[in-house]
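Asks: To start, I am sharing the structure in question, which I have written as structure tokens.
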Amino acid sequence: MKVGVVTFPGSNCDDDAVAAVAAVGAVPVRLWHKAHDLQGADAIVLPGGFSYGDYLRAGAIARFAPIMREVIAFAERGGPVIGICNGFQILCEAQLLPGALLRNDSLQFRSETVALRVETTATRFTARYAPGQVLRIPIAHGDGRYTADAGTLAALEGDGRVVFRYVRPDGTRDDAAATPNGAMHAIAGIVNTAGNVLGMMPHPERALDAALGSADGLPLFEGLFATVSA
Amino acid sequence: MTQPYRVAVYIVPRRGILDPQGKAIADALHALGFGGVGEVHAGRHLVLDVTAASADDASAQVTAMCRKLLANPVTEDFEIASVGTAR
Amino acid sequence: MTQPYRVAVYIVPRRGILDPQGKAIADALHALGFGGVGEVHAGRHLVLDVTAASADDASAQVTAMCRKLLANPVTEDFEIASVGTAR
Amino acid sequence: MTATAVQPRPGDPAITPALVAEHGLTPDEYDRLVAMLGRTPTFTELGVVSAMWSEHCSYKHSRPQLRTLPTEAPWVLQGPGENAGVIAVGDGLAVAFKIESHNHPSAVEPYQGAATGVGGILRDVFTMGARPIALLNSLRFGSLDSPRNRWLFANVVKGIGDYGNCVGVPTVGGEIVFDPAYDGNPLVNAMCVGLLREDELIRAVAQGVGNPIIAVGARTGRDGIHGASFASEDLSDENEAKRPRVQVGDPFTEKLLLEASLELIRSGHIVAIQDMGAAGLTSSSAEMASRGDVGVVIDTTKVPVREPGMTPYETLLSESQERMLVVAKRGHESDVRAILEKWDLLAEVIGEVIAEPVYRVMEGDRVVAEFPGTALVTNCPTYTPPAAESPAIAALRQRDVHAVPERPEEADPAWTLRTLLATPTIASKAWAYRQYDSTVRASTMVGPGSDAAVVRLPGTTRAIALCVDCNGRYVYLEPRTGAQIAVAEAARNVACSGAVPKAITNNLNFGNPKKPETFHQLVEAVRGMGEACRVLETPVTGGNVSLYNESPAGAVYPTPTVGMVGLVDDLAHVTRSTFPAAGHTIVLLGDCTDELGGSEYLNTIHGLVAGAPPRVDLAGEKRLIGALHAAITAGRVASAHDVSDGGLLVAVAECCIGDRERPVGAELELGAFDALPARAVRFGEAQGRVVVATAQPDAVLETARAHGVPARVIGRTTSDDALVISDHGRTWRVGLAALADAFHDAIPTRMTRPATAGAEA
Ligand SMILES: Nc1ncnc2c1ncn2[C@@H]1O[C@H](COP(=O)(O)OP(=O)(O)O)[C@@H](O)[C@H]1O
Ligand SMILES: [Mg+2]
């Protein structure tokens with residue numbers, strides 16, 4: 001099972017994503033932004049970082065990179081795609097996911113470990129978690145305020161497509177206090193209608209080892225591995 | 001015959017979308033004693049030099065750029081502010 | 001008698017100062033096939049509602065705000081783009 | 001490129017005494033230049049020399065002092081003299097590290113000043129062939145009560161964050177001090193640490209006659225050119241183009257340059273690489289040539305420029321960011337270009353290494369500057385001006401601070417403790433560091449907020465511990481002791497994290513060296529630093545000197561910032577500073593004294609900077625580090641925190657509430673120290689102390705005894721939500737919530753007030 005990790009100019013979590021893929025026993029394949037072929041990858045990770053410096057808008061320029069034509073086609077065929085942080089921003093810009101990620105409401109970059117609640121285990125990415133499980137996962141972003149119109153939000157909630165939500169450490173909701181960026185509905189991660197494209201602001205690839213503070217990201221990559229190799 | 005034009009465009013958050021930057025600026029201005037300030041909205045201002053057949057063509061080109069890349073259709077509105085000839 | 005005005009101001013990197021954002025946008029537009037694009041400069045666009053005695057006063061107030069807070073005196077230039085009456 | 005005689009360029013200004021003075025050369029230095037050339041310099045040559053002989057590039061006032069520092073140890077692979085120092089860390093791995101200041105640019109434009117400071121230090125590290133894995137910074141500002149200082153602080157922090165975050169190097173630690181001494185002259189020092197394999201180490205030494213010299217990275221603009229000769233003109237529109245411009249950082253290009261440079265170094269196509277930092281093309285090319293003892297020729301018309309009409313003077317002196325100079329192997333030019341193209345960057349051949357021993361600059365066919373041999377670098381004058389201690393400072397030091405009466409509020413020691421915790425210098429710096437990505441690269445074991453940061457070395461069971469330290473107030477009151485303490489504290493900090501201190505880099509931030517009292521501080525501080533490094537076996541592998549840090553109010557506190565690297569040889573030994581749980585015994589390693597001089601207590605509570613800073617026993621510090629290491633590696637230490645600013649109670653309170661989400665209570669029994677004044681025990685800053693939490697107190701005490709380190713049980717951690725202290729026959733308590741609020745809210749509260757570039761608001 002091969003997982004493609006895309007490197008855009010300015011990606012800086014690609015090495016970490018490669019390591020995460022390898023940690024669950026899959027074969028990481030590095031995909032260059034100028035390439036036109038996914039090298040037979042069974043799943044794709046769009047990693048974090050600052051593609052094109054986040055100039056103009058986070059993800060706006062990367063969305064047009066040559067490799068994205070293939071990624072979009074792959075996603076439309078039902079192939080699993082995870083966008084982490086900048087990857088989430090790129091997926092929104094590419095309209096593989098609805099909504100947009102705007103400047104944090106604090107107007108500051110936020111780097112800290114947050115509590116996330118698993119809102120659904122009915123996705124291939126979260127099947128390895130317990131329903132309602134509270135994860136500790138690092139965030140590090142300046143543009144993470146998930147924003148969408150009322151109809152989109154209603155659809156996301158109604159369809160159970162909100163995958164991760166920012167919560168208090170005890171798992172209860174307190175959007176004003178627990179959301180580090182002002183995201184609507186405290187949304188940290190969503191999937192598309194078909195359920196094969198996940199976007200999330202927090203960094204599960206930085207939470208693979210309790211020695212570094214948390215191993216709560218591991219089940220996500222294991223889940224990805226399991227569904228694809230099944 | 002084409003010639004260089006300079007097009008200014010501004011791109012602003014769609015009304016109704018939270019604009020924390022505008023609010024922060026308004027708050028800071030109040031704290032500094034600029035009491036007459038009401039709402040503030042913050043957006044982007046881009047100046048582009050484009051080669052075009054006419055001012056209308058230049059404007060049309062930049063409009064196409066905004067639709068394709070420069071503005072986010074989900075959250076932003078744009079407007080061509082001015083079209084002039086570039087030196 | 002004061003009344004509400006709406007003042008638009010833009011704030012752009014001073015010419016000659018490196019504008020990495022403008023350059024990235026220009027490169028991206030080229031890659032998207034907008035071959036006629038030359039230089040691009042990226043700045044900020046602010047719209048402020050201010051209570052003022054006249055359009056000139058509104059403009060003078062915003063100029064003072066730019067000097068004091070809104071524009072970086074070392075790296076940016078600003079210009080009042082328009083002064084209108086606010087609804 | 002054929003050599004002809006040097007000719008002045010048409011339109012260049014005539015060389016007059018006034019022009020020479022505007023370029024910052026003394027008449028003696030000018031005579032030296034004329035003697036070196038055997039003729040009158042051209043305008044271009046004057047510009048080049050003015051940059052090369054500037055304090056920043058030539059170290060003319062500090063070089064003789066720096067030579068006294070210890071630089072060697074078996075693990076040192078590269079000492080001072082290169083872009084960064086390098087030490088071996090085992091398994092064939094090495095770390096490169098260096099600190100650098102961007103004080104003056106940050107005073108003018110804090111955001112860009114700080115950002116480009118980070119950019120510069122990253123380049124210094126990756127030009128050694130090392131991948132940057134950690135950033136730290138050491139910052140000094142005036143009081144946060146001033147809107148301008150808040151503006152400086154906010155923008156420096158944002159500049160550091162935006163740059164490092166974008167490049168993707170975690171910012172894992174640092175220190176921030178607020179003191180009126182830095183009003184008008186903030187200090188911004190950035191440190192970078194990179195990882196490499198020993199066999200990948202590359203030095204910036206030009207070699208191989210005929211090898212091409214290639215400019216790589218961003219285009220050259222008129223940024224940061226020292227516009228000395230224009231400084232007296234009005235800034236009219238005509239000369240707007242010539243005025244010195246703020247350097248703007250482009251972290252996106254830096255990230256590409258980083259990847260391209262590492263790829264280039266590993267490719268075998270190049271022999272040397274150096275960043276174009278201060279004095280840009282001039283100093284990078286001249287330094288590489290000098291290190292290789294070869295000649296070079298450069299054609300300024302070949303340099304890719306950002307704006308038309310740049311003169312050789314401007315091209316040579318531009319400080320545009322994100323540029324590198326590479327010496328490639330002859331015939332490999334297109335391979336070099338291909339690598340740069342892959343990363344969307346430029347590479348242009350602009351010159352070559354020549355046999356003739358000259359440094360020659362061409363503008364097309366015209367020779368516009370030519371210096372014999374390596375004189376440009378080696379012939380710079382050095383100065384050892386008179387040094388004398390300021391009598392005023394000596395008098396401050398000699399003051400008997402024990403006589404200072406207590407304030408009425410101090411009857412409640414909890415008030416004093418809370419007040420100290422809420423002092424911005426002591427308070428939590430999370431407001432700043434939560435804007436820094438500290439976890440990218442997924443190797444940060446201990447991030448900002450602990451005594452030292454700990455970063456895992458991928459593929460090994462080891463980690464490095466990193467910190468930056470300096471208490472400028474101590475150095476002000478007694479430079480030699482203060483600098484010793486800076487080294488000792490840094491060593492203690494990495495030791496508390498489970499590491500063995502290995503080596504330091506340092507940043508000497510001082511005032512005007514031509515003032516005898518300032519030069520005295522420099523000489524004494526370097527002496528103290530060297531002494532401490534010798535005893536602690538942490539050689540100096542490099543550093544930076546920043547002089548003339550003055551505002552109209554006077555010089556900053558002399559601030560010789562120490563950046564320490566330690567090695568943790570097993571990940572199991574990584575130790576944090578906060579109490580992990582209730583039920584541990586608290587042991588104090590080291591002893592209390594009755595010292596109060598130079599303390600944060602006197603500064604904050606009494607507004608007094610006086611007295612002698614605490615005594616430091618370097619041999620005792622060495623024993624302390626040994627004892628701590630033994631106890632940690634034996635698995636006996638649950639947490640360890642060094643006692644520094646604010647003294648014992650501040651240290652213990654930080655152990656209790658440093659992690660706001662998981663506060664741990666404590667009870668202290670300090671009656672054993674009742675012979676000393678209460679406030680000296682509580683808030684004095686005696687050196688050589690560490691607060692340890694342990695489940696095996698007897699074993700820890702025994703280890704300490706075996707190492708000759710005083711140690712004593714002073715209390716235990718509890719599940720109570722208070723810190724309870726018994727001393728001088730009374731027991732007093734202070735709630736953890738009150739301590740936590742004081743410590744964690746101090747800076748955020750201040751930063752809600754407006755921040756403006758102007759001084760008043
Ligand atoms: N305080 C210091 N202690 C030890 N070495 C120093 C110190 N300051 C500078 N050096 C060394 O002098 C050399 C030249 O300084 P350098 O840092 O190249 O200037 P820059 O990086 O600003 O171009 C470097 O190798 C540096 O490590
Ligand atoms: Mg250097």
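Please note that chains go A, B, ... in the order of the structure tokens, that every chain numbers its residues from 1, and that ligands are numbered from 1 in the order shown.
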Which protein, DNA or RNA residues have an atom within 6 Å of ligand 1, counting only C-alpha atoms and all ligand atoms, as an MDAnalysis selection string?
Replies: chainID D and resid 57 66 80:84 277:278 506:508 540 542:545
Asks: Could you list, as a PyMOL selection string, all residues that come within 12 Å of ligand 2? Count only C-alpha atoms and all ligand atoms.
Replies: chain D and resi 56-58+80-85+97-101+117+119-128+203-204+273-281+283-285+287-288+324-325+542-545
Asks: With a distance threshold of 9 Å and counting only C-alpha atoms, extract the residues of chain B near chain A and express them as a VMD selection string.
Replies: chain B and resid 17 to 21 24 44 69 to 72 74 to 75
Asks: Pull C-alpha atoms from the residues just selected and write them as a short mmCIF file (atom, residue, chain, number, x, y, z; two decimals), in the first residue's frame.
Replies:
data_model
loop_
_atom_site.label_atom_id
_atom_site.label_comp_id
_atom_site.auth_asym_id
_atom_site.auth_seq_id
_atom_site.Cartn_x
_atom_site.Cartn_y
_atom_site.Cartn_z
CA ILE B 17 -18.36 37.47 7.34
CA LEU B 18 -16.54 38.15 10.57
CA ASP B 19 -13.73 40.65 9.96
CA PRO B 20 -11.54 40.43 13.05
CA GLN B 21 -8.88 42.58 11.48
CA ALA B 24 -9.06 45.10 15.85
CA ARG B 44 -6.50 43.55 0.09
CA LEU B 69 -7.29 33.27 -8.46
CA LEU B 70 -7.21 36.61 -6.75
CA ALA B 71 -10.49 36.54 -4.88
CA ASN B 72 -11.98 33.63 -2.96
CA VAL B 74 -16.70 31.76 -1.00
CA THR B 75 -15.73 34.66 1.18
#
Asks: Output the contact residues of chain B with respect to chain C at a cut-off of 8 Å, based on only C-alpha atoms, as a ChimeraX atom specification.
Replies: /B:10-12,22,25,29,34,36-52,65,69
Asks: D:Gly224, D:Pro448, D:Gly208, D:Gly129: which is nearest chain A, counting only C-alpha atoms?
Replies: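 Result for the nearest residue to chain A: D:Pro448.
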Asks: Looking only at strand (DSSP E) from DSSP on the backbone, list the matching residues of range 283-508 of chain D as a ChimeraX atom specification.
Replies: /D:295-299,323-328,346-354,358-363,366-372,444-446,453-456,463-469,500-508
Asks: Give me, as a PyMOL selection string, the residues of chain D touching chain C, with the criterion being at most 12 Å (counting only C-alpha atoms).
Replies: chain D and resi 105-113+147-148+151+155+218-224+237+240-254+305-308+319-322+344+754-761
Asks: Find the residues of chain D in contact range of chain A, meaning any atom within 10 Å when counting only C-alpha atoms, and list them as a VMD selection string.
Replies: chain D and resid 158 161 to 163 165 to 169 250 to 256 259 342 to 344 430 to 447 455 to 456 571 to 572 574 661
Asks: Compile the contact shell of range 78-89 of chain A as a PDB file with N, CA, C and O atoms, in the first residue's frame: residues with an atom at most 7 Å away, counting only C-alpha atoms, same-chain residues fewer than 2 positions apart removed.
Replies:
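Contents of the output file result.pdb:
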ATOM      1  N   ALA A  43      -3.437   6.330  -1.624  1.00  0.00           N
ATOM      2  CA  ALA A  43      -4.007   7.414  -0.830  1.00  0.00           C
ATOM      3  C   ALA A  43      -3.038   8.595  -0.937  1.00  0.00           C
ATOM      4  O   ALA A  43      -1.863   8.419  -1.257  1.00  0.00           O
ATOM      5  N   ILE A  44      -3.577   9.763  -0.673  1.00  0.00           N
ATOM      6  CA  ILE A  44      -2.762  10.972  -0.834  1.00  0.00           C
ATOM      7  C   ILE A  44      -2.832  11.801   0.444  1.00  0.00           C
ATOM      8  O   ILE A  44      -3.906  11.968   1.025  1.00  0.00           O
ATOM      9  N   VAL A  45      -1.674  12.334   0.848  1.00  0.00           N
ATOM     10  CA  VAL A  45      -1.643  13.307   1.935  1.00  0.00           C
ATOM     11  C   VAL A  45      -1.161  14.640   1.376  1.00  0.00           C
ATOM     12  O   VAL A  45      -0.102  14.706   0.735  1.00  0.00           O
ATOM     13  N   LEU A  46      -1.944  15.684   1.599  1.00  0.00           N
ATOM     14  CA  LEU A  46      -1.470  17.045   1.323  1.00  0.00           C
ATOM     15  C   LEU A  46      -0.990  17.589   2.669  1.00  0.00           C
ATOM     16  O   LEU A  46      -1.796  17.813   3.581  1.00  0.00           O
ATOM     17  N   PRO A  47       0.304  17.752   2.825  1.00  0.00           N
ATOM     18  CA  PRO A  47       0.845  18.057   4.150  1.00  0.00           C
ATOM     19  C   PRO A  47       0.742  19.539   4.495  1.00  0.00           C
ATOM     20  O   PRO A  47       0.378  20.369   3.662  1.00  0.00           O
ATOM     21  N   GLY A  48       1.123  19.845   5.711  1.00  0.00           N
ATOM     22  CA  GLY A  48       1.108  21.225   6.173  1.00  0.00           C
ATOM     23  C   GLY A  48       2.304  22.011   5.681  1.00  0.00           C
ATOM     24  O   GLY A  48       3.201  21.475   5.038  1.00  0.00           O
ATOM     25  N   GLY A  49       2.290  23.279   6.016  1.00  0.00           N
ATOM     26  CA  GLY A  49       3.386  24.149   5.612  1.00  0.00           C
ATOM     27  C   GLY A  49       2.849  25.459   5.083  1.00  0.00           C
ATOM     28  O   GLY A  49       1.733  25.870   5.425  1.00  0.00           O
ATOM     29  N   PHE A  50       3.644  26.100   4.283  1.00  0.00           N
ATOM     30  CA  PHE A  50       3.267  27.399   3.728  1.00  0.00           C
ATOM     31  C   PHE A  50       3.492  27.349   2.229  1.00  0.00           C
ATOM     32  O   PHE A  50       4.445  27.929   1.727  1.00  0.00           O
ATOM     33  N   ALA A  58      -3.872  31.449   1.929  1.00  0.00           N
ATOM     34  CA  ALA A  58      -3.318  30.121   2.168  1.00  0.00           C
ATOM     35  C   ALA A  58      -3.947  29.108   1.220  1.00  0.00           C
ATOM     36  O   ALA A  58      -5.166  28.986   1.154  1.00  0.00           O
ATOM     37  N   GLY A  59      -3.130  28.416   0.475  1.00  0.00           N
ATOM     38  CA  GLY A  59      -3.616  27.344  -0.395  1.00  0.00           C
ATOM     39  C   GLY A  59      -4.055  27.792  -1.773  1.00  0.00           C
ATOM     40  O   GLY A  59      -4.251  26.964  -2.663  1.00  0.00           O
ATOM     41  N   PHE A  74      -8.271  12.009  -8.697  1.00  0.00           N
ATOM     42  CA  PHE A  74      -8.181  10.862  -7.779  1.00  0.00           C
ATOM     43  C   PHE A  74      -9.286  10.953  -6.719  1.00  0.00           C
ATOM     44  O   PHE A  74      -9.974   9.976  -6.427  1.00  0.00           O
ATOM     45  N   ALA A  75      -9.443  12.136  -6.164  1.00  0.00           N
ATOM     46  CA  ALA A  75     -10.474  12.330  -5.137  1.00  0.00           C
ATOM     47  C   ALA A  75     -11.859  12.106  -5.730  1.00  0.00           C
ATOM     48  O   ALA A  75     -12.724  11.500  -5.102  1.00  0.00           O
ATOM     49  N   GLU A  76     -12.049  12.584  -6.941  1.00  0.00           N
ATOM     50  CA  GLU A  76     -13.375  12.429  -7.556  1.00  0.00           C
ATOM     51  C   GLU A  76     -13.676  10.969  -7.893  1.00  0.00           C
ATOM     52  O   GLU A  76     -14.837  10.573  -7.960  1.00  0.00           O
ATOM     53  N   LEU A  91      -7.350  22.027  -0.053  1.00  0.00           N
ATOM     54  CA  LEU A  91      -8.558  21.279  -0.433  1.00  0.00           C
ATOM     55  C   LEU A  91      -9.770  22.198  -0.521  1.00  0.00           C
ATOM     56  O   LEU A  91     -10.618  22.036  -1.393  1.00  0.00           O
ATOM     57  N   CYS A  92      -9.849  23.166   0.382  1.00  0.00           N
ATOM     58  CA  CYS A  92     -10.960  24.126   0.308  1.00  0.00           C
ATOM     59  C   CYS A  92     -10.829  25.004  -0.927  1.00  0.00           C
ATOM     60  O   CYS A  92     -11.796  25.244  -1.647  1.00  0.00           O
ATOM     61  N   GLU A  93      -9.615  25.496  -1.163  1.00  0.00           N
ATOM     62  CA  GLU A  93      -9.413  26.326  -2.348  1.00  0.00           C
ATOM     63  C   GLU A  93      -9.728  25.542  -3.617  1.00  0.00           C
ATOM     64  O   GLU A  93     -10.248  26.084  -4.578  1.00  0.00           O
ATOM     65  N   LEU A 101     -10.844  28.715   4.986  1.00  0.00           N
ATOM     66  CA  LEU A 101     -10.110  28.876   6.242  1.00  0.00           C
ATOM     67  C   LEU A 101      -9.524  30.270   6.275  1.00  0.00           C
ATOM     68  O   LEU A 101      -8.650  30.607   5.479  1.00  0.00           O
ATOM     69  N   ASN A 196     -14.493  10.498   1.346  1.00  0.00           N
ATOM     70  CA  ASN A 196     -13.127  10.060   1.040  1.00  0.00           C
ATOM     71  C   ASN A 196     -12.096  11.173   1.147  1.00  0.00           C
ATOM     72  O   ASN A 196     -10.905  10.925   1.034  1.00  0.00           O
ATOM     73  N   VAL A 197     -12.541  12.402   1.347  1.00  0.00           N
ATOM     74  CA  VAL A 197     -11.597  13.523   1.461  1.00  0.00           C
ATOM     75  C   VAL A 197     -11.757  14.148   2.835  1.00  0.00           C
ATOM     76  O   VAL A 197     -12.834  14.607   3.207  1.00  0.00           O
ATOM     77  N   LEU A 198     -10.655  14.126   3.612  1.00  0.00           N
ATOM     78  CA  LEU A 198     -10.654  14.697   4.958  1.00  0.00           C
ATOM     79  C   LEU A 198      -9.759  15.925   4.978  1.00  0.00           C
ATOM     80  O   LEU A 198      -8.628  15.879   4.480  1.00  0.00           O
ATOM     81  N   GLY A 199     -10.261  17.002   5.569  1.00  0.00           N
ATOM     82  CA  GLY A 199      -9.404  18.158   5.819  1.00  0.00           C
ATOM     83  C   GLY A 199      -9.424  18.461   7.296  1.00  0.00           C
ATOM     84  O   GLY A 199     -10.489  18.420   7.921  1.00  0.00           O
ATOM     85  N   MET A 200      -8.281  18.724   7.876  1.00  0.00           N
ATOM     86  CA  MET A 200      -8.231  19.074   9.303  1.00  0.00           C
ATOM     87  C   MET A 200      -7.092  20.040   9.566  1.00  0.00           C
ATOM     88  O   MET A 200      -6.032  19.964   8.940  1.00  0.00           O
ATOM     89  N   MET A 201      -7.326  20.987  10.467  1.00  0.00           N
ATOM     90  CA  MET A 201      -6.269  21.931  10.816  1.00  0.00           C
ATOM     91  C   MET A 201      -5.220  21.330  11.750  1.00  0.00           C
ATOM     92  O   MET A 201      -4.033  21.601  11.582  1.00  0.00           O
ATOM     93  N   PRO A 202      -5.592  20.556  12.754  1.00  0.00           N
ATOM     94  CA  PRO A 202      -4.558  20.023  13.660  1.00  0.00           C
ATOM     95  C   PRO A 202      -3.640  19.025  12.952  1.00  0.00           C
ATOM     96  O   PRO A 202      -3.952  18.539  11.860  1.00  0.00           O
ATOM     97  N   HIS A 203      -2.520  18.756  13.600  1.00  0.00           N
ATOM     98  CA  HIS A 203      -1.449  17.967  12.980  1.00  0.00           C
ATOM     99  C   HIS A 203      -1.343  16.577  13.605  1.00  0.00           C
ATOM    100  O   HIS A 203      -0.528  16.364  14.512  1.00  0.00           O
TER     101      HIS A 203
END
Asks: Contacts of range 696-705 of chain D at 8 Å or less, counting only C-alpha atoms, minus same-chain residues fewer than 2 places along, as number ranges by chain?
Replies: D: 585-587, 589, 624, 627-628, 630-631, 636-637, 694, 707-713
Asks: Could you pull out the helix (DSSP H, G or I) residues of range 54-191 of chain A from DSSP and send them as a PyMOL selection string?
Replies: chain A and resi 54+62-64+66-76+86-93+150-158+175-178+184-186
Asks: Can you list, as a PDB file with N, CA and C atoms, in the first residue's frame, every protein, DNA or RNA residue that comes within 6 Å of Cys656 in chain D when you count only C-alpha atoms, leaving out same-chain residues fewer than 6 positions away?
Replies:
ATOM      1  N   PHE D 579       6.469  20.295  38.443  1.00  0.00           N
ATOM      2  CA  PHE D 579       6.160  19.124  39.267  1.00  0.00           C
ATOM      3  C   PHE D 579       5.161  18.247  38.520  1.00  0.00           C
ATOM      4  N   PRO D 663      -1.878  22.128  37.607  1.00  0.00           N
ATOM      5  CA  PRO D 663      -1.166  22.675  38.760  1.00  0.00           C
ATOM      6  C   PRO D 663      -0.965  21.594  39.826  1.00  0.00           C
ATOM      7  N   VAL D 664       0.120  21.702  40.540  1.00  0.00           N
ATOM      8  CA  VAL D 664       0.427  20.763  41.620  1.00  0.00           C
ATOM      9  C   VAL D 664       0.790  21.594  42.849  1.00  0.00           C
ATOM     10  N   GLY D 665       0.196  21.251  43.981  1.00  0.00           N
ATOM     11  CA  GLY D 665       0.472  21.995  45.207  1.00  0.00           C
ATOM     12  C   GLY D 665       1.793  21.577  45.838  1.00  0.00           C
TER      13      GLY D 665
END
Asks: Calculate how many Å separate CA of Arg161 in chain A from CA of Val27 in chain A, rounding to one decimal.
Replies: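 Straight-line distance from CA of Arg161 in chain A to CA of Val27 in chain A works out to 28.2 Å.
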Asks: Which polymer residues have any atom within 9 Å of an atom of range 10-18 of chain D, counting only C-alpha atoms, with same-chain residues fewer than 2 positions away left out, as a ChimeraX atom specification?
Replies: /D:7-8,20-23,27,40-44,46,229
Asks: Could those selected residues go to a file with N, CA and C atoms, as a CSV table (one decimal), in the first residue's frame?
Replies:
chain,number,residue,atom,x,y,z
D,7,GLN,N,39.9,51.9,-12.5
D,7,GLN,CA,39.5,53.3,-12.9
D,7,GLN,C,38.3,53.7,-12.1
D,8,PRO,N,38.3,55.0,-11.7
D,8,PRO,CA,37.1,55.5,-11.1
D,8,PRO,C,36.0,55.5,-12.2
D,20,VAL,N,35.0,60.3,3.1
D,20,VAL,CA,35.7,59.3,3.9
D,20,VAL,C,35.1,59.2,5.3
D,21,ALA,N,34.8,60.4,5.9
D,21,ALA,CA,34.2,60.4,7.2
D,21,ALA,C,32.8,59.8,7.2
D,22,GLU,N,32.1,60.2,6.1
D,22,GLU,CA,30.7,59.7,6.0
D,22,GLU,C,30.7,58.1,5.9
D,23,HIS,N,31.8,57.6,5.4
D,23,HIS,CA,31.9,56.1,5.3
D,23,HIS,C,32.4,55.5,6.6
D,27,PRO,N,40.7,58.9,10.0
D,27,PRO,CA,41.8,59.3,9.1
D,27,PRO,C,42.9,58.2,9.1
D,40,THR,N,45.0,56.3,-4.3
D,40,THR,CA,43.7,56.7,-3.8
D,40,THR,C,42.7,55.7,-4.2
D,41,PRO,N,41.8,55.3,-3.2
D,41,PRO,CA,40.8,54.4,-3.6
D,41,PRO,C,39.7,54.9,-4.5
D,42,THR,N,39.0,54.1,-5.2
D,42,THR,CA,37.8,54.5,-5.9
D,42,THR,C,36.7,54.6,-5.0
D,43,PHE,N,35.6,55.2,-5.4
D,43,PHE,CA,34.4,55.3,-4.6
D,43,PHE,C,33.9,53.8,-4.2
D,44,THR,N,34.0,53.0,-5.2
D,44,THR,CA,33.5,51.6,-5.0
D,44,THR,C,34.4,51.0,-3.9
D,46,LEU,N,36.1,52.5,-1.6
D,46,LEU,CA,35.8,53.1,-0.3
D,46,LEU,C,34.6,52.4,0.3
D,229,SER,N,27.0,58.1,2.5
D,229,SER,CA,27.3,59.3,1.8
D,229,SER,C,26.1,60.1,1.4
Asks: Identify which of the residues C:Ala60, C:Cys66, C:Ile80, C:Ala53 lies closest to Met1 in chain C, counting only C-alpha atoms when measuring atom-to-atom distances.
Replies: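 That would be C:Ala53, the residue with the smallest distance to Met1 in chain C.
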Asks: I'd like the contact shell of range 559-570 of chain D - 7 Å cut-off, only C-alpha atoms, skipping same-chain residues fewer than 4 positions apart - returned as a PyMOL selection string.
Replies: chain D and resi 99+461-470+472+475+483+486-487+490-491+494+498-510
